[in-house]
>>> print(open('coords.pdb').read())   # PDB, C-alpha atoms, pLDDT in the B column
ATOM      1  CA  MET U 103       0.000   0.000   0.000  1.00 61.00           C
ATOM      2  CA  VAL U 104       1.349   3.441  -0.976  1.00 63.00           C
ATOM      3  CA  LYS U 105       1.497   5.978   1.845  1.00 75.00           C
ATOM      4  CA  ALA U 106      -0.227   9.280   1.139  1.00 82.00           C
ATOM      5  CA  ASP U 107       2.086  12.268   0.972  1.00 90.00           C
ATOM      6  CA  PRO U 108       0.560  14.936   3.271  1.00 92.00           C
ATOM      7  CA  VAL U 109       2.348  17.803   1.500  1.00 94.00           C
ATOM      8  CA  LEU U 110       1.122  16.659  -1.918  1.00 95.00           C
ATOM      9  CA  GLU U 111      -2.391  16.239  -0.517  1.00 95.00           C
ATOM     10  CA  LYS U 112      -2.334  19.829   0.784  1.00 96.00           C
ATOM     11  CA  VAL U 113      -1.080  21.117  -2.587  1.00 97.00           C
ATOM     12  CA  LYS U 114      -3.895  19.202  -4.329  1.00 97.00           C
ATOM     13  CA  GLU U 115      -6.453  20.702  -1.946  1.00 97.00           C
ATOM     14  CA  ILE U 116      -5.300  24.214  -2.859  1.00 97.00           C
ATOM     15  CA  VAL U 117      -4.907  23.605  -6.586  1.00 97.00           C
ATOM     16  CA  PHE U 118      -8.186  21.784  -7.104  1.00 97.00           C
ATOM     17  CA  SER U 119     -10.070  24.671  -5.472  1.00 96.00           C
ATOM     18  CA  LEU U 120      -9.168  26.698  -8.596  1.00 97.00           C
ATOM     19  CA  PRO U 121     -11.187  26.415 -11.841  1.00 96.00           C
ATOM     20  CA  ASP U 122     -10.124  24.217 -14.774  1.00 97.00           C
ATOM     21  CA  THR U 123      -7.175  22.561 -13.005  1.00 97.00           C
ATOM     22  CA  LYS U 124      -5.875  19.047 -13.434  1.00 97.00           C
ATOM     23  CA  LEU U 125      -3.005  16.850 -12.341  1.00 97.00           C
ATOM     24  CA  THR U 126      -0.626  15.372 -14.897  1.00 96.00           C
ATOM     25  CA  MET U 127       2.516  13.338 -14.434  1.00 95.00           C
ATOM     26  CA  THR U 128       5.160  15.299 -16.326  1.00 92.00           C
ATOM     27  CA  TRP U 129       8.820  14.324 -16.266  1.00 88.00           C
ATOM     28  CA  GLY U 130       7.786  11.630 -13.771  1.00 88.00           C
ATOM     29  CA  LYS U 131       6.526  14.169 -11.215  1.00 93.00           C
ATOM     30  CA  PRO U 132       3.082  15.601 -10.372  1.00 96.00           C
ATOM     31  CA  HIS U 133       2.400  18.865 -12.186  1.00 97.00           C
ATOM     32  CA  PHE U 134      -0.764  20.907 -12.037  1.00 98.00           C
ATOM     33  CA  ARG U 135      -2.196  22.575 -15.086  1.00 97.00           C
ATOM     34  CA  VAL U 136      -4.838  25.119 -15.857  1.00 97.00           C
ATOM     35  CA  GLY U 137      -6.038  24.138 -19.289  1.00 94.00           C
ATOM     36  CA  GLU U 138      -2.884  22.690 -20.821  1.00 95.00           C
ATOM     37  CA  LYS U 139      -0.395  25.024 -19.127  1.00 97.00           C
ATOM     38  CA  ILE U 140       1.631  24.095 -16.037  1.00 97.00           C
ATOM     39  CA  PHE U 141       1.321  26.516 -13.132  1.00 97.00           C
ATOM     40  CA  CYS U 142       2.605  24.344 -10.260  1.00 98.00           C
ATOM     41  CA  GLY U 143       4.905  21.385  -9.838  1.00 97.00           C
ATOM     42  CA  TYR U 144       5.689  19.070  -6.965  1.00 97.00           C
ATOM     43  CA  GLY U 145       8.587  16.732  -6.458  1.00 94.00           C
ATOM     44  CA  GLU U 146      11.662  15.885  -4.471  1.00 91.00           C
ATOM     45  CA  GLU U 147      15.053  17.521  -4.678  1.00 86.00           C
ATOM     46  CA  GLY U 148      17.914  16.413  -2.464  1.00 85.00           C
ATOM     47  CA  GLY U 149      15.608  14.324  -0.284  1.00 87.00           C
ATOM     48  CA  ARG U 150      13.162  17.132   0.459  1.00 91.00           C
ATOM     49  CA  ALA U 151       9.673  17.893  -0.835  1.00 94.00           C
ATOM     50  CA  VAL U 152       9.646  20.871  -3.196  1.00 97.00           C
ATOM     51  CA  ILE U 153       6.807  22.954  -4.644  1.00 98.00           C
ATOM     52  CA  GLY U 154       7.456  24.967  -7.805  1.00 97.00           C
ATOM     53  CA  PHE U 155       5.365  27.901  -9.078  1.00 98.00           C
ATOM     54  CA  LYS U 156       5.606  31.000 -11.243  1.00 98.00           C
ATOM     55  CA  LEU U 157       5.563  34.503  -9.775  1.00 98.00           C
ATOM     56  CA  ALA U 158       5.817  37.995 -11.189  1.00 97.00           C
ATOM     57  CA  MET U 159       9.494  38.612 -11.912  1.00 96.00           C
ATOM     58  CA  GLN U 160      10.008  41.182  -9.123  1.00 97.00           C
ATOM     59  CA  HIS U 161       8.200  38.992  -6.606  1.00 97.00           C
ATOM     60  CA  ALA U 162      10.288  35.963  -7.618  1.00 97.00           C
ATOM     61  CA  ALA U 163      13.538  37.950  -7.376  1.00 97.00           C
ATOM     62  CA  LYS U 164      12.637  39.152  -3.875  1.00 97.00           C
ATOM     63  CA  LEU U 165      11.394  35.761  -2.631  1.00 97.00           C
ATOM     64  CA  THR U 166      14.436  33.816  -3.854  1.00 97.00           C
ATOM     65  CA  ARG U 167      16.596  35.914  -1.509  1.00 97.00           C
ATOM     66  CA  GLU U 168      14.703  34.345   1.417  1.00 95.00           C
ATOM     67  CA  PRO U 169      15.851  31.047   3.009  1.00 95.00           C
ATOM     68  CA  GLY U 170      13.948  28.038   1.697  1.00 95.00           C
ATOM     69  CA  TYR U 171      13.320  29.538  -1.774  1.00 96.00           C
ATOM     70  CA  TRP U 172      15.483  29.426  -4.904  1.00 96.00           C
ATOM     71  CA  PRO U 173      15.108  29.910  -8.664  1.00 96.00           C
ATOM     72  CA  ALA U 174      13.606  26.774 -10.173  1.00 94.00           C
ATOM     73  CA  PRO U 175      15.948  24.738 -12.371  1.00 90.00           C
ATOM     74  CA  TYR U 176      15.773  25.605 -16.101  1.00 90.00           C
ATOM     75  CA  VAL U 177      12.965  28.200 -15.727  1.00 94.00           C
ATOM     76  CA  GLY U 178      14.027  30.335 -12.759  1.00 94.00           C
ATOM     77  CA  HIS U 179      15.000  33.133 -15.158  1.00 95.00           C
ATOM     78  CA  LYS U 180      11.310  33.343 -16.145  1.00 96.00           C
ATOM     79  CA  GLY U 181      10.009  33.843 -12.608  1.00 97.00           C
ATOM     80  CA  TRP U 182       9.646  30.214 -11.532  1.00 97.00           C
ATOM     81  CA  VAL U 183      10.478  29.591  -7.878  1.00 98.00           C
ATOM     82  CA  SER U 184      11.136  26.373  -5.948  1.00 97.00           C
ATOM     83  CA  MET U 185      10.367  26.219  -2.255  1.00 97.00           C
ATOM     84  CA  ASP U 186      11.279  23.742   0.443  1.00 96.00           C
ATOM     85  CA  ALA U 187       7.839  22.322   1.315  1.00 95.00           C
ATOM     86  CA  THR U 188       9.127  20.430   4.342  1.00 92.00           C
ATOM     87  CA  LYS U 189       9.313  23.679   6.295  1.00 86.00           C
ATOM     88  CA  VAL U 190       5.863  25.100   5.461  1.00 92.00           C
ATOM     89  CA  LYS U 191       4.264  26.657   8.509  1.00 91.00           C
ATOM     90  CA  ASP U 192       1.741  28.898   6.758  1.00 95.00           C
ATOM     91  CA  TRP U 193      -0.341  27.169   4.083  1.00 96.00           C
ATOM     92  CA  LYS U 194      -2.237  30.424   3.442  1.00 97.00           C
ATOM     93  CA  LEU U 195       1.045  31.857   2.192  1.00 96.00           C
ATOM     94  CA  VAL U 196       1.572  28.842  -0.074  1.00 97.00           C
ATOM     95  CA  ARG U 197      -2.005  29.293  -1.332  1.00 97.00           C
ATOM     96  CA  SER U 198      -1.210  32.920  -2.211  1.00 97.00           C
ATOM     97  CA  TYR U 199       1.840  31.815  -4.258  1.00 97.00           C
ATOM     98  CA  LEU U 200      -0.139  29.136  -6.095  1.00 98.00           C
ATOM     99  CA  GLU U 201      -2.984  31.559  -6.786  1.00 97.00           C
ATOM    100  CA  GLU U 202      -0.524  34.125  -8.148  1.00 97.00           C
ATOM    101  CA  SER U 203       0.964  31.460 -10.393  1.00 97.00           C
ATOM    102  CA  TYR U 204      -2.516  30.411 -11.530  1.00 97.00           C
ATOM    103  CA  ARG U 205      -3.444  34.016 -12.364  1.00 97.00           C
ATOM    104  CA  LEU U 206      -0.257  34.464 -14.408  1.00 97.00           C
ATOM    105  CA  ILE U 207      -0.837  31.280 -16.423  1.00 97.00           C
ATOM    106  CA  ALA U 208      -4.634  30.854 -16.719  1.00 96.00           C
ATOM    107  CA  SER U 209      -6.688  31.930 -19.714  1.00 95.00           C
ATOM    108  CA  LYS U 210      -9.133  34.831 -19.448  1.00 95.00           C
ATOM    109  CA  LYS U 211     -11.969  32.296 -19.490  1.00 95.00           C
ATOM    110  CA  SER U 212     -10.577  30.434 -16.454  1.00 95.00           C
ATOM    111  CA  LEU U 213      -9.838  33.703 -14.666  1.00 95.00           C
ATOM    112  CA  ALA U 214     -13.444  34.795 -15.199  1.00 94.00           C
ATOM    113  CA  LYS U 215     -14.588  31.616 -13.446  1.00 92.00           C
ATOM    114  CA  LEU U 216     -12.261  32.419 -10.564  1.00 86.00           C
ATOM    115  CA  ALA U 217     -13.751  35.914 -10.215  1.00 79.00           C
ATOM    116  CA  ALA U 218     -17.379  34.797 -10.638  1.00 76.00           C
ATOM    117  CA  PRO U 219     -19.485  34.278  -7.523  1.00 73.00           C
ATOM    118  CA  PRO U 220     -20.333  30.643  -6.812  1.00 66.00           C
ATOM    119  CA  PRO U 221     -23.572  29.490  -8.444  1.00 67.00           C
ATOM    120  CA  THR U 222     -26.597  29.509  -6.180  1.00 68.00           C
ATOM    121  CA  ALA U 223     -28.910  26.543  -6.004  1.00 57.00           C
ATOM    122  CA  LYS U 224     -32.271  27.189  -7.607  1.00 57.00           C
ATOM    123  CA  LYS U 225     -35.227  26.744  -5.319  1.00 54.00           C
ATOM    124  CA  ALA U 226     -37.258  23.725  -6.204  1.00 52.00           C
ATOM    125  CA  THR U 227     -40.848  24.745  -6.825  1.00 53.00           C
ATOM    126  CA  THR U 228     -43.626  22.382  -5.970  1.00 55.00           C
ATOM    127  CA  LYS U 229     -46.874  21.984  -7.882  1.00 57.00           C
ATOM    128  CA  LYS U 230     -48.687  23.437  -4.871  1.00 58.00           C
ATOM    129  CA  ALA U 231     -46.491  26.584  -4.829  1.00 56.00           C
ATOM    130  CA  THR U 232     -46.930  27.047  -8.595  1.00 55.00           C
ATOM    131  CA  ALA U 233     -50.711  26.716  -8.268  1.00 56.00           C
ATOM    132  CA  LYS U 234     -50.765  29.343  -5.488  1.00 58.00           C
ATOM    133  CA  LYS U 235     -48.831  31.764  -7.730  1.00 57.00           C
ATOM    134  CA  ARG U 236     -51.416  31.271 -10.530  1.00 57.00           C
ATOM    135  CA  VAL U 237     -54.305  31.975  -8.152  1.00 55.00           C
ATOM    136  CA  SER U 238     -52.560  35.093  -6.828  1.00 57.00           C
ATOM    137  CA  ARG U 239     -51.961  36.390 -10.370  1.00 57.00           C
ATOM    138  CA  LYS U 240     -55.616  35.815 -11.336  1.00 57.00           C
ATOM    139  CA  LYS U 241     -56.812  37.702  -8.250  1.00 59.00           C
ATOM    140  CA  ALA U 242     -54.443  40.579  -8.985  1.00 59.00           C
ATOM    141  CA  ALA U 243     -55.574  40.743 -12.642  1.00 58.00           C
ATOM    142  CA  GLY U 244     -59.268  40.299 -11.803  1.00 59.00           C
TER     143      GLY U 244
END
>>> encode(input="coords.pdb", output="structure tokens")
Amino acid sequence: MVKADPVLEKVKEIVFSLPDTKLTMTWGKPHFRVGEKIFCGYGEEGGRAVIGFKLAMQHAAKLTREPGYWPAPYVGHKGWVSMDATKVKDWKLVRSYLEESYRLIASKKSLAKLAAPPPTAKKATTKKATAKKRVSRKKAAG
């Protein structure tokens, strides 16, 4: 039986709360996409769990000066950051990074879904309630 990875499960929880996301195994590691574009990766580097994401260039440059963050291999020059996920204390902060990455990568259509209010459930109308409305309309017209 394969043991669940609690860090990966937390990343999934965050990522799958965003519209149009999916998990793919890319380069043998879990990567999360919005549409067909990668906005987050997860894997292991040097025996530690690592989360990768894209940030605005200035944000990435500032963050990679902090301990536990570094430019992601191959794509760090484009704003991609790797973080040591074994030391995460604030998952809200991680959520903010993943949401920023999502917003930089997602299509306008996906972003519109993110900004839209959640759909409300339509009230189920019964035959009795519909009949009462008809009677009320007839009285008002009469």
>>> atom_distance(input="coords.pdb", atom1="CA of Met127 (chain U)", atom2="CA of Met185 (chain U)")
19.4 Å
>>> residues_around(input="coords.pdb", residues="Ser198 (chain U)", least_positions_apart="6", cutoff="12 Å", atoms="all atoms listed in the file", output="list in words")
Val113, Ile116, Val117, Leu120, Phe155, Lys156, Leu157, Asp192, Tyr204 and Arg205 of chain U
>>> closest_residue(input="coords.pdb", among="U:Ala214, U:Ala151, U:Arg197, U:Tyr176", to="Pro108 (chain U)", atoms="all atoms listed in the file")
U:Ala151
>>> resolve_selection(input="coords.pdb", expression="the PyMOL selection byres ((chain U and resi 133-145) around 9)", output="ChimeraX atom specification")
/U:110,113-114,117-118,120-132,146-147,150-156,184,200,203-209,212
>>> resolve_selection(input="coords.pdb", expression="the PyMOL selection byres ((chain U and resi 162-169) around 12)", output="list in words")
Gly154, Phe155, Lys156, Leu157, Ala158, Met159, Gln160, His161, Gly170, Tyr171, Trp172, Pro173, Ala174, Val177, Gly178, His179, Lys180, Gly181, Trp182, Val183, Ser184, Met185, Asp186, Ala187, Lys189, Val190, Tyr199, Glu202 and Ser203 of chain U
>>> closest_residue(input="coords.pdb", among="U:Val196, U:Glu201, U:Gly148, U:Lys210", to="Lys112 (chain U)", atoms="all atoms listed in the file")
U:Val196
>>> axis_aligned_box(input="coords.pdb", around="region 195-210 of chain U", padding_each_side="4 Å", output="AutoDock Vina command-line options")
--center_x -3.6 --center_y 31.8 --center_z -8.8 --size_x 19.0 --size_y 14.0 --size_z 29.9
>>> atom_distance(input="coords.pdb", atom1="CA of Glu111 (chain U)", atom2="CA of Lys191 (chain U)")
15.3 Å
>>> build_atoms(input="coords.pdb", residues="region 171-192 of chain U", atoms="N, CA and C atoms", output="PDB file, in the coordinates of the input")
ATOM      1  N   TYR U 171      13.804  29.252  -0.418  1.00 96.00           N
ATOM      2  CA  TYR U 171      13.320  29.538  -1.774  1.00 96.00           C
ATOM      3  C   TYR U 171      14.526  29.720  -2.691  1.00 96.00           C
ATOM      4  N   TRP U 172      14.404  29.262  -3.937  1.00 96.00           N
ATOM      5  CA  TRP U 172      15.483  29.426  -4.904  1.00 96.00           C
ATOM      6  C   TRP U 172      14.885  29.402  -6.307  1.00 96.00           C
ATOM      7  N   PRO U 173      15.603  29.958  -7.283  1.00 96.00           N
ATOM      8  CA  PRO U 173      15.108  29.910  -8.664  1.00 96.00           C
ATOM      9  C   PRO U 173      14.972  28.456  -9.114  1.00 96.00           C
ATOM     10  N   ALA U 174      13.847  28.145  -9.714  1.00 94.00           N
ATOM     11  CA  ALA U 174      13.606  26.774 -10.173  1.00 94.00           C
ATOM     12  C   ALA U 174      14.584  26.415 -11.291  1.00 94.00           C
ATOM     13  N   PRO U 175      15.031  25.157 -11.307  1.00 90.00           N
ATOM     14  CA  PRO U 175      15.948  24.738 -12.371  1.00 90.00           C
ATOM     15  C   PRO U 175      15.322  24.953 -13.759  1.00 90.00           C
ATOM     16  N   TYR U 176      16.117  25.407 -14.687  1.00 90.00           N
ATOM     17  CA  TYR U 176      15.773  25.605 -16.101  1.00 90.00           C
ATOM     18  C   TYR U 176      14.854  26.802 -16.364  1.00 90.00           C
ATOM     19  N   VAL U 177      13.954  27.144 -15.448  1.00 94.00           N
ATOM     20  CA  VAL U 177      12.965  28.200 -15.727  1.00 94.00           C
ATOM     21  C   VAL U 177      12.977  29.321 -14.687  1.00 94.00           C
ATOM     22  N   GLY U 178      13.935  29.301 -13.784  1.00 94.00           N
ATOM     23  CA  GLY U 178      14.027  30.335 -12.759  1.00 94.00           C
ATOM     24  C   GLY U 178      14.169  31.725 -13.347  1.00 94.00           C
ATOM     25  N   HIS U 179      14.815  31.826 -14.506  1.00 95.00           N
ATOM     26  CA  HIS U 179      15.000  33.133 -15.158  1.00 95.00           C
ATOM     27  C   HIS U 179      13.691  33.697 -15.708  1.00 95.00           C
ATOM     28  N   LYS U 180      12.626  32.881 -15.676  1.00 96.00           N
ATOM     29  CA  LYS U 180      11.310  33.343 -16.145  1.00 96.00           C
ATOM     30  C   LYS U 180      10.337  33.547 -14.988  1.00 96.00           C
ATOM     31  N   GLY U 181      10.850  33.574 -13.766  1.00 97.00           N
ATOM     32  CA  GLY U 181      10.009  33.843 -12.608  1.00 97.00           C
ATOM     33  C   GLY U 181       9.542  32.609 -11.852  1.00 97.00           C
ATOM     34  N   TRP U 182      10.033  31.433 -12.233  1.00 97.00           N
ATOM     35  CA  TRP U 182       9.646  30.214 -11.532  1.00 97.00           C
ATOM     36  C   TRP U 182      10.506  30.059 -10.279  1.00 97.00           C
ATOM     37  N   VAL U 183       9.841  29.707  -9.186  1.00 98.00           N
ATOM     38  CA  VAL U 183      10.478  29.591  -7.878  1.00 98.00           C
ATOM     39  C   VAL U 183      10.256  28.182  -7.335  1.00 98.00           C
ATOM     40  N   SER U 184      11.275  27.633  -6.689  1.00 97.00           N
ATOM     41  CA  SER U 184      11.136  26.373  -5.948  1.00 97.00           C
ATOM     42  C   SER U 184      11.179  26.710  -4.471  1.00 97.00           C
ATOM     43  N   MET U 185      10.350  26.003  -3.701  1.00 97.00           N
ATOM     44  CA  MET U 185      10.367  26.219  -2.255  1.00 97.00           C
ATOM     45  C   MET U 185      10.460  24.893  -1.528  1.00 97.00           C
ATOM     46  N   ASP U 186      11.148  24.911  -0.409  1.00 96.00           N
ATOM     47  CA  ASP U 186      11.279  23.742   0.443  1.00 96.00           C
ATOM     48  C   ASP U 186       9.942  23.550   1.167  1.00 96.00           C
ATOM     49  N   ALA U 187       9.182  22.548   0.758  1.00 95.00           N
ATOM     50  CA  ALA U 187       7.839  22.322   1.315  1.00 95.00           C
ATOM     51  C   ALA U 187       7.879  21.610   2.660  1.00 95.00           C
ATOM     52  N   THR U 188       9.046  21.123   3.051  1.00 92.00           N
ATOM     53  CA  THR U 188       9.127  20.430   4.342  1.00 92.00           C
ATOM     54  C   THR U 188       9.079  21.405   5.513  1.00 92.00           C
ATOM     55  N   LYS U 189       9.278  22.681   5.228  1.00 86.00           N
ATOM     56  CA  LYS U 189       9.313  23.679   6.295  1.00 86.00           C
ATOM     57  C   LYS U 189       8.093  24.607   6.273  1.00 86.00           C
ATOM     58  N   VAL U 190       7.045  24.245   5.550  1.00 92.00           N
ATOM     59  CA  VAL U 190       5.863  25.100   5.461  1.00 92.00           C
ATOM     60  C   VAL U 190       5.182  25.183   6.819  1.00 92.00           C
ATOM     61  N   LYS U 191       4.996  26.410   7.264  1.00 91.00           N
ATOM     62  CA  LYS U 191       4.264  26.657   8.509  1.00 91.00           C
ATOM     63  C   LYS U 191       2.948  27.380   8.222  1.00 91.00           C
ATOM     64  N   ASP U 192       2.902  28.078   7.101  1.00 95.00           N
ATOM     65  CA  ASP U 192       1.741  28.898   6.758  1.00 95.00           C
ATOM     66  C   ASP U 192       1.216  28.496   5.376  1.00 95.00           C
TER      67      ASP U 192
END
